[in-house]
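**Q** One structure, pasted below without further comment.
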Amino acid sequence: YSAKGDKDRAIADYDQAIRINPNYADAYYVRGIAYSAKGDKDRAIADYDQAISLNPNYALAYYWRGRAYSAKGDKDRAIADHTKAIELDPNYVDAYYNRGLAYFAKGDNDRAIADYTKAIELDPKNANYYNARAWAYFKWGKAAEGLPDAEKSLELRPNDPYTLDTRGNIFEALGRREEAIADFRRALSKNPNLQGSKDALARLGAAP
């Protein structure tokens, strides 16, 4: 049911599994994921809490609880949970990436870049990780250092509008106006609702 997108029926089955076995940590964990998918972050966190209480070494539950806390805007708890997931599984690449996102949201670019770098080491074919690090470098005022990451991300995923927007911002910061305009236009051709690229073209005095 979960794989079919029918979260309500999935939750009903998880409910029944928990009634049959109240100590079934995995059932709480997967029900938490279903609640997360429905946008019910508080119920999701309650289920991850229960899964962790039953299995204190449940790295997946810490990771998903961290994501739920991030969605609620609680970056400190998110970082703590992702850190615990990494302690339990030092190769948990998504935990590094999402902890990096939380650090970035807090304005801690040094730690964000360190986590993105570790994620890239563990999974060098993931375009998201390069784009995230490129954006962090750009926001840190180090556009030139971010450009190779944006290029690598686009090599892996050539038409991603968000990475095109990232590279456009980097080009703009480097004074490469025409290349920036070209990237912002390409980004909008892939996602016409990308407000950042619209604003950038207006800022550069260029038509969409």
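Identifiers for the structure tokens are assigned positionally: chains receive A, B, ... in sequence, residues are indexed from 1 per chain, and ligands are indexed from 1 in the order shown.
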Please, which residues of chain A, numbered as in this document, come out helix (DSSP H, G or I) from DSSP, as a VMD selection string?
**A** chain A and resid 7 to 20 25 to 37 41 to 54 59 to 71 75 to 88 93 to 105 109 to 122 127 to 139 143 to 156 161 to 173 177 to 190 195 to 203
**Q** Please list as a list of chain:residue names every residue within 10 Å of A:Pro124, counting only C-alpha atoms and excluding residues in the same chain fewer than 6 positions away.
**A**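 Here the qualifying residues turn out to be A:Thr117, A:Lys118, A:Tyr130, A:Lys152, A:Leu156.
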**Q** How about saving the chosen residues, N, CA, C and O atoms kept, as an mmCIF file, in the first residue's frame?
**A**
```
data_model
loop_
_atom_site.group_PDB
_atom_site.id
_atom_site.type_symbol
_atom_site.label_atom_id
_atom_site.label_comp_id
_atom_site.auth_asym_id
_atom_site.auth_seq_id
_atom_site.Cartn_x
_atom_site.Cartn_y
_atom_site.Cartn_z
ATOM 1 N N THR A 117 31.052 17.373 1.509
ATOM 2 C CA THR A 117 32.276 16.750 1.017
ATOM 3 C C THR A 117 32.322 15.275 1.380
ATOM 4 O O THR A 117 32.687 14.423 0.552
ATOM 5 N N LYS A 118 31.925 14.939 2.605
ATOM 6 C CA LYS A 118 31.894 13.538 3.025
ATOM 7 C C LYS A 118 30.859 12.765 2.215
ATOM 8 O O LYS A 118 31.111 11.619 1.792
ATOM 9 N N TYR A 130 26.903 17.669 -5.104
ATOM 10 C CA TYR A 130 27.759 18.690 -5.727
ATOM 11 C C TYR A 130 27.031 20.032 -5.791
ATOM 12 O O TYR A 130 27.630 21.084 -5.528
ATOM 13 N N LYS A 152 30.236 19.827 -12.283
ATOM 14 C CA LYS A 152 30.159 18.376 -12.076
ATOM 15 C C LYS A 152 28.712 17.930 -11.903
ATOM 16 O O LYS A 152 28.298 16.889 -12.451
ATOM 17 N N LEU A 156 26.547 15.312 -14.369
ATOM 18 C CA LEU A 156 25.789 14.142 -13.926
ATOM 19 C C LEU A 156 24.304 14.258 -14.247
ATOM 20 O O LEU A 156 23.627 13.251 -14.481
#
```
**Q** Point out the residue among A:Gly5, A:Pro56, A:Pro158, A:Gly39 with the least atom-to-atom distance to A:Ala127, counting only C-alpha atoms.
**A**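 Checking each of A:Gly5, A:Pro56, A:Pro158, A:Gly39 against A:Ala127, counting only C-alpha atoms, the winner is A:Pro158.
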**Q** Restricting the calculation to only C-alpha atoms, which member of A:Ala71, A:Leu60, A:Leu164, A:Leu201 is positioned closest to A:Glu87?
**A** A:Leu60
**Q** Find, counting only C-alpha atoms, the residue in A:Gly73, A:Gly141, A:Pro22, A:Pro208 that gets nearest to A:Ala187.
**A** A:Pro208
**Q** What separation in Å, quoted to one decimal, exists between atom CA of A:Leu88 and atom CA of A:Ala25?
**A**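 So the two atoms, atom CA of A:Leu88 and atom CA of A:Ala25, lie 16.7 Å apart.
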**Q** With a distance cut-off of 10 Å and only C-alpha atoms, select the neighbouring residues of A:Tyr137, excluding the residue or stretch itself and same-chain residues fewer than 4 positions from it, and output the selection as a list in words.
**A**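 In the requested form, the answer reads Asn109, Asp110, Ala112, Ile113, Asn131, Ala132, Arg133, Gly141, Lys142, Ala143, Ala144, Glu145, Gly146, Leu147, Asp149 and Ile170 of chain A.
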**Q** Can you pull out the residues contacting A:Ile181? Cut-off 7 Å, using only C-alpha atoms, and skip same-chain residues under 3 positions away; I want them as a PyMOL selection string.
**A** chain A and resi 168+177-178+184-185+201
**Q** Name the closest residue to A:Ala180 among the candidates A:Gly205, A:Pro90, A:Gly100, A:Pro148; distances are taken between atoms, counting only C-alpha atoms.
**A**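 That would be A:Gly205, the residue with the smallest distance to A:Ala180.
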